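J.: Got a structure for you, run_6.cif, holding mmCIF, C-alpha atoms and all ligand atoms.
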data_target
#
loop_
_atom_site.label_atom_id
_atom_site.label_comp_id
_atom_site.auth_asym_id
_atom_site.auth_seq_id
_atom_site.Cartn_x
_atom_site.Cartn_y
_atom_site.Cartn_z
CA MET A 1 117.75 114.60 108.04
CA ARG A 2 119.24 117.42 110.14
CA ARG A 3 120.12 117.14 113.80
CA GLU A 4 122.35 118.85 116.36
CA GLY A 5 124.63 117.05 118.82
CA ILE A 6 124.45 113.72 117.15
CA ASN A 7 126.80 111.61 119.20
CA GLU A 8 126.24 111.65 122.89
CA GLY A 9 129.29 109.45 123.25
CA LYS A 10 127.57 106.43 124.78
CA SER A 11 129.23 103.16 124.18
CA ASN A 12 128.29 99.56 124.71
CA GLN A 13 130.68 97.15 126.34
CA ALA A 14 130.06 94.70 123.58
CA THR A 15 130.26 91.03 124.39
CA GLY A 16 130.93 88.00 122.23
CA HIS A 17 127.24 87.10 122.40
CA GLU A 18 124.36 89.42 123.14
CA THR A 19 123.15 88.34 126.55
CA ARG A 20 121.62 89.69 129.69
CA LYS A 21 122.00 86.87 132.15
CA ALA A 22 125.72 86.34 132.42
CA LYS A 23 127.93 88.15 134.89
CA THR A 24 131.29 89.49 133.77
CA PRO A 25 133.85 86.82 134.65
CA THR A 26 137.36 87.41 135.88
CA MET A 27 140.21 86.73 133.44
CA LEU A 28 140.59 83.09 134.36
CA GLU A 29 136.96 82.06 134.54
CA PHE A 30 135.59 80.03 131.66
CA SER A 31 132.54 81.67 130.10
CA PRO A 32 130.67 79.41 127.65
CA GLY A 33 129.98 81.19 124.36
CA LEU A 34 131.92 84.22 125.67
CA ALA A 35 128.69 85.28 127.40
CA GLY A 36 129.33 88.43 129.40
CA VAL A 37 132.95 88.79 128.27
CA PRO A 38 133.59 92.36 127.04
CA ALA A 39 135.11 91.94 123.58
CA ALA A 40 135.30 95.57 122.47
CA LYS A 41 134.28 99.08 123.39
CA SER A 42 132.29 100.70 120.63
CA LYS A 43 130.49 103.98 120.00
CA VAL A 44 128.78 102.84 116.82
CA SER A 45 125.47 102.07 118.51
CA PHE A 46 123.86 101.85 121.92
CA VAL A 47 121.11 99.58 123.18
CA ASP A 48 119.20 99.50 126.46
CA GLY A 49 117.08 96.36 126.55
CA ARG A 50 115.13 97.34 129.68
CA THR A 51 113.65 100.49 128.16
CA GLY A 52 113.71 99.39 124.51
CA LEU A 53 116.16 102.07 123.39
CA LEU A 54 118.34 101.65 120.30
CA GLU A 55 120.55 104.48 119.05
CA TYR A 56 122.95 104.70 116.14
CA ARG A 57 125.71 107.19 116.99
CA GLY A 58 123.48 108.85 119.58
CA ILE A 59 120.38 109.11 117.38
CA ARG A 60 117.29 107.13 118.23
CA ILE A 61 116.34 104.53 115.69
CA ASN A 62 112.78 105.92 115.51
CA GLU A 63 114.06 109.28 114.25
CA LEU A 64 116.22 107.61 111.63
CA ALA A 65 113.39 105.34 110.46
CA GLU A 66 111.13 108.33 110.03
CA HIS A 67 113.45 110.96 108.59
CA SER A 68 116.58 109.31 107.18
CA SER A 69 117.44 107.03 104.28
CA PHE A 70 119.57 103.90 104.29
CA LEU A 71 122.52 105.65 102.61
CA GLU A 72 122.39 108.62 104.99
CA THR A 73 122.21 106.24 107.97
CA THR A 74 125.14 104.33 106.50
CA TYR A 75 127.18 107.53 106.37
CA LEU A 76 126.21 108.33 109.97
CA LEU A 77 127.23 104.89 111.23
CA LEU A 78 130.52 104.94 109.33
CA TYR A 79 131.65 108.50 109.97
CA ASP A 80 130.00 109.30 113.32
CA ARG A 81 127.98 112.26 112.03
CA LEU A 82 125.17 113.04 109.68
CA PRO A 83 126.51 114.18 106.30
CA ALA A 84 126.01 117.68 104.95
CA GLN A 85 123.82 117.59 101.83
CA ALA A 86 126.87 117.86 99.51
CA GLU A 87 128.59 114.98 101.34
CA LEU A 88 125.49 112.82 101.11
CA ASP A 89 125.11 113.63 97.41
CA ARG A 90 128.71 112.63 96.74
CA PHE A 91 128.47 109.44 98.79
CA SER A 92 125.18 108.47 97.10
CA ALA A 93 126.64 109.19 93.64
CA ASP A 94 129.74 107.11 94.40
CA VAL A 95 127.60 104.18 95.58
CA THR A 96 125.29 104.50 92.57
CA HIS A 97 128.23 104.48 90.12
CA HIS A 98 129.73 101.34 91.63
CA ARG A 99 126.62 99.14 91.57
CA ARG A 100 127.61 97.15 88.49
CA ILE A 101 129.51 93.90 88.98
CA LYS A 102 132.17 92.59 86.61
CA TYR A 103 130.95 90.03 84.09
CA ARG A 104 133.35 87.51 85.60
CA ILE A 105 131.55 87.84 88.97
CA THR A 106 128.28 87.23 87.09
CA ASP A 107 129.89 84.19 85.43
CA LEU A 108 130.99 82.94 88.83
CA ILE A 109 127.41 83.28 90.14
CA LYS A 110 126.09 81.48 87.05
CA CYS A 111 128.30 78.50 87.87
CA LEU A 112 126.81 78.09 91.35
CA PRO A 113 124.10 75.43 91.84
CA GLU A 114 120.57 76.88 91.71
CA HIS A 115 119.54 74.87 94.79
CA GLY A 116 122.39 76.32 96.89
CA HIS A 117 121.65 78.76 99.69
CA PRO A 118 121.69 82.40 98.50
CA MET A 119 123.89 83.38 101.46
CA ASP A 120 126.57 80.99 100.21
CA ALA A 121 126.40 82.60 96.77
CA LEU A 122 126.69 86.04 98.37
CA GLN A 123 129.61 84.97 100.54
CA ALA A 124 131.48 83.46 97.58
CA ALA A 125 130.89 86.49 95.35
CA VAL A 126 131.93 88.98 98.05
CA ALA A 127 135.12 87.02 98.70
CA ALA A 128 135.79 87.05 94.94
CA LEU A 129 135.29 90.84 94.82
CA GLY A 130 138.38 91.13 96.98
CA MET A 131 140.40 89.55 94.17
CA PHE A 132 139.22 92.17 91.68
CA TYR A 133 139.75 95.12 94.02
CA PRO A 134 142.82 94.30 96.13
CA ALA A 135 142.73 96.34 99.32
CA ARG A 136 145.99 95.39 100.93
CA ASN A 137 146.76 98.59 102.81
CA VAL A 138 143.65 98.74 104.95
CA LEU A 139 145.05 101.68 106.92
CA ASP A 140 144.95 103.91 103.82
CA PRO A 141 141.80 106.15 103.97
CA GLU A 142 141.38 105.96 100.17
CA VAL A 143 141.38 102.16 100.28
CA GLN A 144 138.90 102.28 103.16
CA TYR A 145 136.51 104.66 101.38
CA TRP A 146 136.41 102.86 98.03
CA SER A 147 136.10 99.43 99.63
CA ILE A 148 133.13 100.70 101.64
CA VAL A 149 131.52 102.24 98.55
CA ARG A 150 131.99 99.06 96.51
CA LEU A 151 130.64 96.76 99.20
CA ILE A 152 127.55 98.88 99.95
CA ALA A 153 126.92 99.25 96.20
CA LYS A 154 127.62 95.73 94.94
CA VAL A 155 126.10 93.48 97.61
CA PRO A 156 122.51 94.21 96.41
CA THR A 157 123.56 93.61 92.79
CA ILE A 158 125.06 90.24 93.69
CA VAL A 159 121.94 89.24 95.63
CA ALA A 160 119.65 90.26 92.75
CA ALA A 161 121.90 88.52 90.19
CA TYR A 162 121.73 85.18 92.01
CA TYR A 163 117.97 85.66 92.50
CA ARG A 164 117.47 85.97 88.73
CA LEU A 165 120.15 83.61 87.47
CA ARG A 166 119.12 80.65 89.62
CA ARG A 167 115.66 80.84 88.03
CA GLY A 168 117.20 80.79 84.59
CA ASP A 169 116.37 84.48 84.01
CA ASP A 170 118.83 87.10 82.77
CA GLN A 171 120.54 89.41 85.22
CA ILE A 172 119.08 92.93 85.22
CA GLN A 173 121.56 95.79 85.24
CA PRO A 174 121.19 98.47 87.92
CA ARG A 175 119.58 101.79 87.06
CA ASP A 176 121.41 104.94 88.11
CA ASP A 177 118.22 107.01 88.37
CA LEU A 178 116.78 104.82 91.12
CA ASP A 179 117.53 105.06 94.83
CA HIS A 180 119.16 102.21 96.73
CA ALA A 181 116.01 100.27 97.68
CA SER A 182 114.09 100.97 94.45
CA ASN A 183 117.05 99.86 92.37
CA PHE A 184 117.33 96.59 94.29
CA LEU A 185 113.64 95.79 93.75
CA TYR A 186 114.01 96.81 90.10
CA MET A 187 116.95 94.41 89.65
CA LEU A 188 114.73 91.57 90.90
CA THR A 189 111.71 92.22 88.70
CA GLU A 190 112.67 94.71 85.96
CA LYS A 191 109.78 96.86 87.21
CA VAL A 192 110.15 100.19 88.98
CA PRO A 193 108.57 99.48 92.37
CA ASN A 194 105.73 101.30 94.06
CA PRO A 195 107.45 104.08 96.11
CA VAL A 196 105.63 102.97 99.27
CA VAL A 197 107.09 99.46 98.90
CA ALA A 198 110.57 100.86 98.20
CA LYS A 199 110.34 103.15 101.24
CA ALA A 200 109.28 100.18 103.40
CA LEU A 201 112.33 98.22 102.22
CA ASP A 202 114.62 101.22 102.81
CA THR A 203 113.32 101.46 106.40
CA CYS A 204 113.89 97.72 106.90
CA LEU A 205 117.49 98.28 105.79
CA ILE A 206 117.92 101.16 108.28
CA LEU A 207 116.53 99.02 111.11
CA HIS A 208 118.81 96.06 110.33
CA ALA A 209 121.94 98.10 109.64
CA GLU A 210 123.49 97.76 113.10
CA HIS A 211 122.93 96.28 116.54
CA THR A 212 126.01 96.64 118.76
CA MET A 213 128.02 93.44 119.15
CA ASN A 214 126.52 90.23 117.81
CA ALA A 215 127.85 87.02 116.32
CA SER A 216 128.43 88.24 112.75
CA THR A 217 129.98 91.56 113.82
CA PHE A 218 132.24 89.70 116.22
CA SER A 219 133.22 87.30 113.46
CA GLY A 220 134.06 90.21 111.13
CA MET A 221 136.12 91.86 113.86
CA VAL A 222 138.15 88.72 114.50
CA THR A 223 138.94 88.59 110.78
CA ALA A 224 139.71 92.33 110.69
CA SER A 225 142.11 91.99 113.63
CA THR A 226 144.58 90.29 111.26
CA LEU A 227 144.40 93.32 108.91
CA ALA A 228 142.60 91.17 106.37
CA ASP A 229 140.94 93.20 103.60
CA PRO A 230 137.32 94.38 104.07
CA TYR A 231 135.94 91.96 101.44
CA THR A 232 137.27 89.07 103.53
CA VAL A 233 135.92 90.72 106.70
CA VAL A 234 132.44 91.02 105.18
CA SER A 235 132.48 87.53 103.68
CA SER A 236 133.31 86.00 107.06
CA ALA A 237 130.51 88.01 108.69
CA ILE A 238 128.08 86.80 105.98
CA GLY A 239 129.02 83.20 106.81
CA THR A 240 128.19 83.81 110.46
CA LEU A 241 124.95 85.65 109.72
CA LYS A 242 123.71 82.71 107.65
CA GLY A 243 122.97 80.51 110.66
CA PRO A 244 119.29 80.08 111.61
CA LEU A 245 119.97 81.40 115.11
CA HIS A 246 121.14 84.74 113.69
CA GLY A 247 120.00 85.88 110.25
CA GLY A 248 117.45 83.16 109.59
CA ALA A 249 114.54 84.17 111.87
CA ALA A 250 112.58 86.27 109.32
CA GLN A 251 112.58 83.31 106.94
CA GLU A 252 111.30 81.08 109.76
CA VAL A 253 108.49 83.58 110.48
CA ALA A 254 107.30 83.45 106.87
CA GLU A 255 107.40 79.66 106.94
CA MET A 256 105.51 79.60 110.26
CA LEU A 257 102.76 81.86 108.87
CA LYS A 258 102.45 79.56 105.89
CA ALA A 259 102.19 76.53 108.18
CA ILE A 260 99.51 78.25 110.32
CA GLY A 261 97.54 79.08 107.20
CA SER A 262 94.46 80.77 108.67
CA VAL A 263 93.44 83.00 111.56
CA ASP A 264 91.39 80.17 113.11
CA ASN A 265 94.45 78.00 113.38
CA VAL A 266 96.60 80.57 115.24
CA ARG A 267 95.72 79.69 118.82
CA PRO A 268 95.86 75.87 118.43
CA TYR A 269 99.16 76.14 116.55
CA LEU A 270 100.83 78.37 119.13
CA GLU A 271 99.48 76.43 122.11
CA GLN A 272 100.73 73.20 120.65
CA LYS A 273 104.20 74.65 120.02
CA LEU A 274 104.47 76.07 123.51
CA ALA A 275 103.23 72.83 125.09
CA ALA A 276 106.01 71.04 123.18
CA LYS A 277 108.47 73.67 124.56
CA GLU A 278 109.28 74.87 121.07
CA LYS A 279 110.18 78.48 120.31
CA ILE A 280 107.77 80.72 118.42
CA MET A 281 109.72 82.36 115.63
CA GLY A 282 109.88 86.15 115.61
CA PHE A 283 109.33 86.37 119.37
CA GLY A 284 111.79 86.98 122.19
CA HIS A 285 115.17 88.70 122.30
CA ARG A 286 118.40 88.30 124.20
CA ILE A 287 118.58 91.98 125.08
CA TYR A 288 115.09 93.48 124.84
CA LYS A 289 112.79 92.69 127.71
CA VAL A 290 110.16 95.07 126.37
CA LYS A 291 108.93 95.09 122.77
CA ASP A 292 111.83 95.49 120.35
CA PRO A 293 111.60 99.15 119.18
CA ARG A 294 112.30 98.01 115.62
CA ALA A 295 109.33 95.64 115.71
CA THR A 296 107.03 98.53 116.72
CA ILE A 297 108.27 100.65 113.80
CA LEU A 298 107.98 97.79 111.33
CA GLN A 299 104.49 96.95 112.51
CA GLY A 300 103.42 100.52 111.67
CA ILE A 301 105.02 100.24 108.24
CA ALA A 302 103.43 96.85 107.62
CA ARG A 303 100.01 98.23 108.60
CA GLN A 304 100.36 101.16 106.16
CA LEU A 305 101.72 98.99 103.39
CA PHE A 306 99.02 96.36 103.71
CA ALA A 307 96.29 99.01 103.83
CA ARG A 308 97.68 100.36 100.57
CA LEU A 309 98.02 97.00 98.85
CA ALA A 310 94.83 95.44 100.25
CA ARG A 311 92.45 93.87 97.77
CA HIS A 312 88.76 94.43 98.46
CA GLY A 313 89.77 96.06 101.77
CA ARG A 314 91.44 92.88 103.05
CA SER A 315 95.02 91.73 103.48
CA PRO A 316 94.93 88.16 104.77
CA LEU A 317 98.67 87.88 105.48
CA TYR A 318 98.68 90.99 107.65
CA GLU A 319 95.51 89.89 109.49
CA LEU A 320 97.14 86.53 110.14
CA ALA A 321 100.37 88.18 111.38
CA GLU A 322 98.50 90.50 113.74
CA GLU A 323 96.55 87.59 115.18
CA VAL A 324 99.77 85.62 115.72
CA GLU A 325 101.26 88.60 117.53
CA ARG A 326 98.10 89.15 119.63
CA VAL A 327 97.77 85.51 120.69
CA GLY A 328 101.55 85.09 121.07
CA GLU A 329 101.77 88.08 123.41
CA GLU A 330 98.84 86.76 125.42
CA LEU A 331 100.34 83.28 125.79
CA MET A 332 103.88 84.46 126.55
CA GLN A 333 102.96 87.56 128.54
CA ALA A 334 104.06 86.02 131.82
CA LYS A 335 107.59 85.53 130.48
CA GLY A 336 107.78 89.04 129.04
CA ILE A 337 108.23 87.72 125.50
CA HIS A 338 107.26 90.09 122.69
CA ALA A 339 107.50 90.22 118.90
CA ASN A 340 111.01 91.07 117.65
CA VAL A 341 112.35 92.81 114.53
CA ASP A 342 112.20 89.64 112.45
CA PHE A 343 108.48 89.13 112.99
CA TYR A 344 107.30 92.01 110.83
CA SER A 345 110.33 92.07 108.52
CA GLY A 346 109.46 88.49 107.54
CA VAL A 347 105.90 89.60 106.82
CA LEU A 348 107.08 92.62 104.82
CA TYR A 349 109.58 90.71 102.67
CA LYS A 350 106.90 88.13 101.91
CA THR A 351 104.60 90.90 100.72
CA MET A 352 107.36 92.24 98.49
CA GLY A 353 107.32 88.85 96.76
CA LEU A 354 110.81 87.77 97.80
CA ASP A 355 111.68 84.08 98.07
CA THR A 356 111.98 83.23 101.76
CA ASP A 357 115.52 81.85 101.49
CA PHE A 358 116.60 85.34 100.35
CA PHE A 359 115.47 87.03 103.58
CA PRO A 360 118.91 86.60 105.25
CA CYS A 361 120.46 88.28 102.18
CA ILE A 362 118.32 91.38 102.79
CA PHE A 363 119.63 91.34 106.36
CA ALA A 364 123.19 91.15 104.96
CA MET A 365 122.53 94.04 102.53
CA ALA A 366 121.68 96.14 105.58
CA ARG A 367 124.20 94.81 108.08
CA VAL A 368 127.16 95.28 105.73
CA THR A 369 126.97 98.87 107.00
CA GLY A 370 127.30 97.84 110.65
CA TRP A 371 130.14 95.42 109.89
CA LEU A 372 132.04 98.13 108.02
CA ALA A 373 131.39 100.73 110.74
CA HIS A 374 132.91 98.38 113.34
CA TRP A 375 135.76 97.56 110.97
CA LEU A 376 136.58 101.27 110.53
CA GLU A 377 136.34 101.95 114.27
CA GLN A 378 138.60 98.98 114.96
CA ILE A 379 141.35 99.75 112.47
CA GLN A 380 141.32 103.48 113.26
CA ASP A 381 141.83 102.69 116.95
N1 LIG B 1 108.97 81.23 121.99
C1 LIG B 1 108.65 80.56 123.12
N2 LIG B 1 109.30 80.72 124.28
C2 LIG B 1 110.30 81.59 124.30
C3 LIG B 1 110.67 82.33 123.17
C4 LIG B 1 109.97 82.11 122.00
N3 LIG B 1 110.27 82.76 120.86
N4 LIG B 1 111.70 83.13 123.48
C5 LIG B 1 112.00 82.90 124.76
N5 LIG B 1 111.14 81.96 125.26
C6 LIG B 1 111.13 81.42 126.62
C7 LIG B 1 112.43 80.76 126.95
O1 LIG B 1 112.42 79.42 126.53
C8 LIG B 1 112.48 80.91 128.43
O2 LIG B 1 111.59 79.96 128.98
P1 LIG B 1 111.88 79.27 130.39
O3 LIG B 1 112.01 80.39 131.38
O4 LIG B 1 110.70 78.40 130.63
O5 LIG B 1 113.15 78.51 130.24
C9 LIG B 1 111.87 82.27 128.67
O6 LIG B 1 111.03 82.50 127.54
C10 LIG B 1 112.84 83.41 128.80
O7 LIG B 1 113.65 83.45 127.69
P2 LIG B 1 114.76 84.57 127.56
O8 LIG B 1 115.84 84.27 128.54
O9 LIG B 1 114.14 85.90 127.67
O10 LIG B 1 115.21 84.40 126.10
P3 LIG B 1 116.55 83.76 125.59
O11 LIG B 1 117.65 84.74 125.86
O12 LIG B 1 116.70 82.38 126.13
O13 LIG B 1 116.34 83.60 124.02
C11 LIG B 1 116.10 84.15 121.75
C12 LIG B 1 116.36 84.69 123.17
C13 LIG B 1 116.09 85.30 120.75
C14 LIG B 1 117.22 83.17 121.38
C15 LIG B 1 114.75 83.44 121.76
O14 LIG B 1 113.76 84.34 122.17
C16 LIG B 1 114.39 82.80 120.43
O15 LIG B 1 114.92 81.74 120.07
N6 LIG B 1 113.44 83.40 119.66
C17 LIG B 1 112.96 82.84 118.43
C18 LIG B 1 113.94 83.07 117.28
C19 LIG B 1 113.94 84.52 116.85
O16 LIG B 1 112.92 85.12 116.60
N7 LIG B 1 115.18 85.05 116.75
C20 LIG B 1 115.39 86.41 116.31
C21 LIG B 1 115.86 87.28 117.43
S1 LIG B 1 115.98 88.97 116.90
#
Once you've parsed the file, please lay out its structure as structure tokens.
T.:
Amino acid sequence: MRREGINEGKSNQATGHETRKAKTPTMLEFSPGLAGVPAAKSKVSFVDGRTGLLEYRGIRINELAEHSSFLETTYLLLYDRLPAQAELDRFSADVTHHRRIKYRITDLIKCLPEHGHPMDALQAAVAALGMFYPARNVLDPEVQYWSIVRLIAKVPTIVAAYYRLRRGDDQIQPRDDLDHASNFLYMLTEKVPNPVVAKALDTCLILHAEHTMNASTFSGMVTASTLADPYTVVSSAIGTLKGPLHGGAAQEVAEMLKAIGSVDNVRPYLEQKLAAKEKIMGFGHRIYKVKDPRATILQGIARQLFARLARHGRSPLYELAEEVERVGEELMQAKGIHANVDFYSGVLYKTMGLDTDFFPCIFAMARVTGWLAHWLEQIQD
């Protein structure tokens, strides 16, 4: 992707929790959950919830979803500019060559209970990586670069290893000839994926890579403020992302669609939930008061993907999801509640055949970029 004038220098006054209601308190006022308290000034991304604008380093998310790749977007977020082709080639090659994990990390994963949550396995393995690759001098640019490369490269391998090993299957080694998303899907199934499916996953990773300040980024930044190494920073952010109020919504969407079961049951199910004052998963957002721009992009991708994979011209899961969105919008119109990014990502991951409890791990594979971009910005300041 080529673009002039990439960073327009906008920054978000990032708060401890994404919120729109709270006012900024004075120093001595107590603000529950740090709502409205500016915690950092950052140029990594910019969001305007009233107009539905999300930019990474001054570039609209729509442009990146259409023209970029996850690794190029990662470079942009980390280094505040799009890479020249040679820089992207080098960065991609470095990431590709560091995908393998040490057999002792695999052994560690093998020892974990198969009924444990995959995010706990990921957190434990990432923390252990820090013991194999000590990164004590976090101010050294070499240490920063190679820690970033290792984390971006190895997180998908760890996720795929636990996915296979907990089923009693062998781990599948990464393949250097495959791109980031294709290689991840290959490590799950030992099959080279359909390029349309791999592209859909790559776009999901771009769309989840960063979103200004949020609980997991804040958590990582608190850890980074002690000059802890980046493996510890990322493992603490993974722990925070695990919670159902943060990284768990896509999983909840898939489970909700399963519970609804059929198009006929959509309206009664949603009406009953709303009457009981329960939240509909995959709807609503703290910041966006119009449709989440990422949800619009993912809906387009889901439509294309389902059309491609449809059997006998039909794709029941997509038809069900569209009906849930249509009825949900109708019922919650008055409150300005729309589908969010997790609505269609849940649908997409389900179509890719992933186990639902792994959905937060896909979020982590993407957001490791945002955590590291904030880490770099913080320690370079
Ligand atoms: N289902 C039903 N009602 C919802 C809703 C949802 N998903 N999201 C918000 N509402 C309701 C609120 O309860 C509130 O109702 P009230 O005025 O009668 O009290 C009203 O809509 C306004 O809510 P708002 O202030 O805009 O949202 P919020 O900041 O309180 O909550 C979320 C934001 C994200 C926490 C919330 O929408 C939610 O829990 N969504 C479901 C989980 C999810 O998909 N999370 C992923 C977010 S990317």
J.: Could you give me, as a PyMOL selection string, the residues that have an atom at most 12 Å away from the point (138.3, 94.4, 114.2) in the coordinates of the file, using all atoms listed in the file?
T.: chain A and resi 39-42+138+213+216-230+232-234+237+371-381
J.: Per residue of segment 205-253 of chain A within 7 Å of segment 120-132 of chain A, record the nearest atom pair and its distance in Å to one decimal, counting only C-alpha atoms, with rows in chain order and ascending residue number, as CSV.
T.:
residue,atom,partner,partner_atom,distance
A:Tyr231,CA,A:Gly130,CA,5.2
A:Thr232,CA,A:Ala127,CA,5.7
A:Ser235,CA,A:Gln123,CA,5.0
A:Ile238,CA,A:Gln123,CA,5.9
A:Gly239,CA,A:Gln123,CA,6.5
J.: With a distance cut-off of 6 Å and only C-alpha atoms, select the neighbouring residues of Ile206 of chain A, excluding the residue or stretch itself and same-chain residues fewer than 3 positions from it, and output the selection as a list in words.
T.: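 Residues near the query, excluding close chain neighbours: Phe70, Thr203 and Ala209 of chain A.
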J.: Report as a VMD selection string which protein, DNA and RNA residues come within 6 Å of ligand LIG 1 (chain B), using all atoms listed in the file.
T.: chain A and resid 249 279 to 286 335 340 to 342
J.: Which is closest to Glu210 of chain A among A:Arg314, A:Arg294, A:Arg167, A:Lys273, if we use only C-alpha atoms?
T.: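 Closest residue, counting only C-alpha atoms: A:Arg294.
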J.: Any idea what the distance is between atom CA of Ala366 of chain A and atom CA of Lys350 of chain A?
T.: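 Going from atom CA of Ala366 of chain A over to atom CA of Lys350 of chain A, I get 17.2 Å.
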J.: So which one's closest to Leu54 of chain A, A:Gln299, A:Leu348, A:Thr212, A:Ser262? Using all atoms listed in the file, please.
T.: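 Checking each candidate against Leu54 of chain A, we get A:Thr212 as the closest.
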J.: Extract, using only C-alpha atoms, all DNA, RNA and protein residues at most 10 Å from segment 195-201 of chain A, discarding same-chain residues fewer than 5 positions from it, and format them as a list in words.
T.: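 Skipping anything fewer than 5 positions along the chain leaves Ala65, Ser69, Phe70, Asp179, His180, Ala181, Ser182, Asn183, Phe184, Leu185, Tyr186, Ile206, Leu207, Leu298, Ile301, Ala302, Gln304, Leu305, Phe306, Arg308, Leu309, Ser345, Leu348, Tyr349, Thr351, Met352 and Ile362 of chain A.
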J.: Could you jot down the atom CA of His67 of chain A to atom CA of Gly248 of chain A separation for me, Å, one decimal place?
T.: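 Those two atoms sit 28.1 Å apart.
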J.: In Å, rounded to a single decimal, give me how far atom CA of Asp140 of chain A is from atom CA of Ala86 of chain A.
T.: 23.2 Å
J.: Tell me, as a PyMOL selection string, which residues lie within 12 Å of Leu274 of chain A, counting only C-alpha atoms; anything in the same chain fewer than 6 positions away does not count.
T.: chain A and resi 267-268+280-281+327-328+331-332
J.: What lies within 7 Å of Met187 of chain A using all atoms listed in the file, ignoring chain neighbours under 6 positions off, as an mmCIF file with C-alpha atoms, keeping the file's coordinate frame?
T.:
data_model
loop_
_atom_site.group_PDB
_atom_site.id
_atom_site.type_symbol
_atom_site.label_atom_id
_atom_site.label_comp_id
_atom_site.auth_asym_id
_atom_site.auth_seq_id
_atom_site.Cartn_x
_atom_site.Cartn_y
_atom_site.Cartn_z
ATOM 1 C CA ALA A 160 119.650 90.260 92.750
ATOM 2 C CA ILE A 172 119.080 92.930 85.220
ATOM 3 C CA GLN A 173 121.560 95.790 85.240
ATOM 4 C CA PRO A 174 121.190 98.470 87.920
#
J.: Restricting the calculation to only C-alpha atoms: of A:Ile61, A:Ile148, A:Val266, A:Val159, which residue gets closest to His98 of chain A?
T.: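 Nearest to His98 of chain A: A:Ile148.
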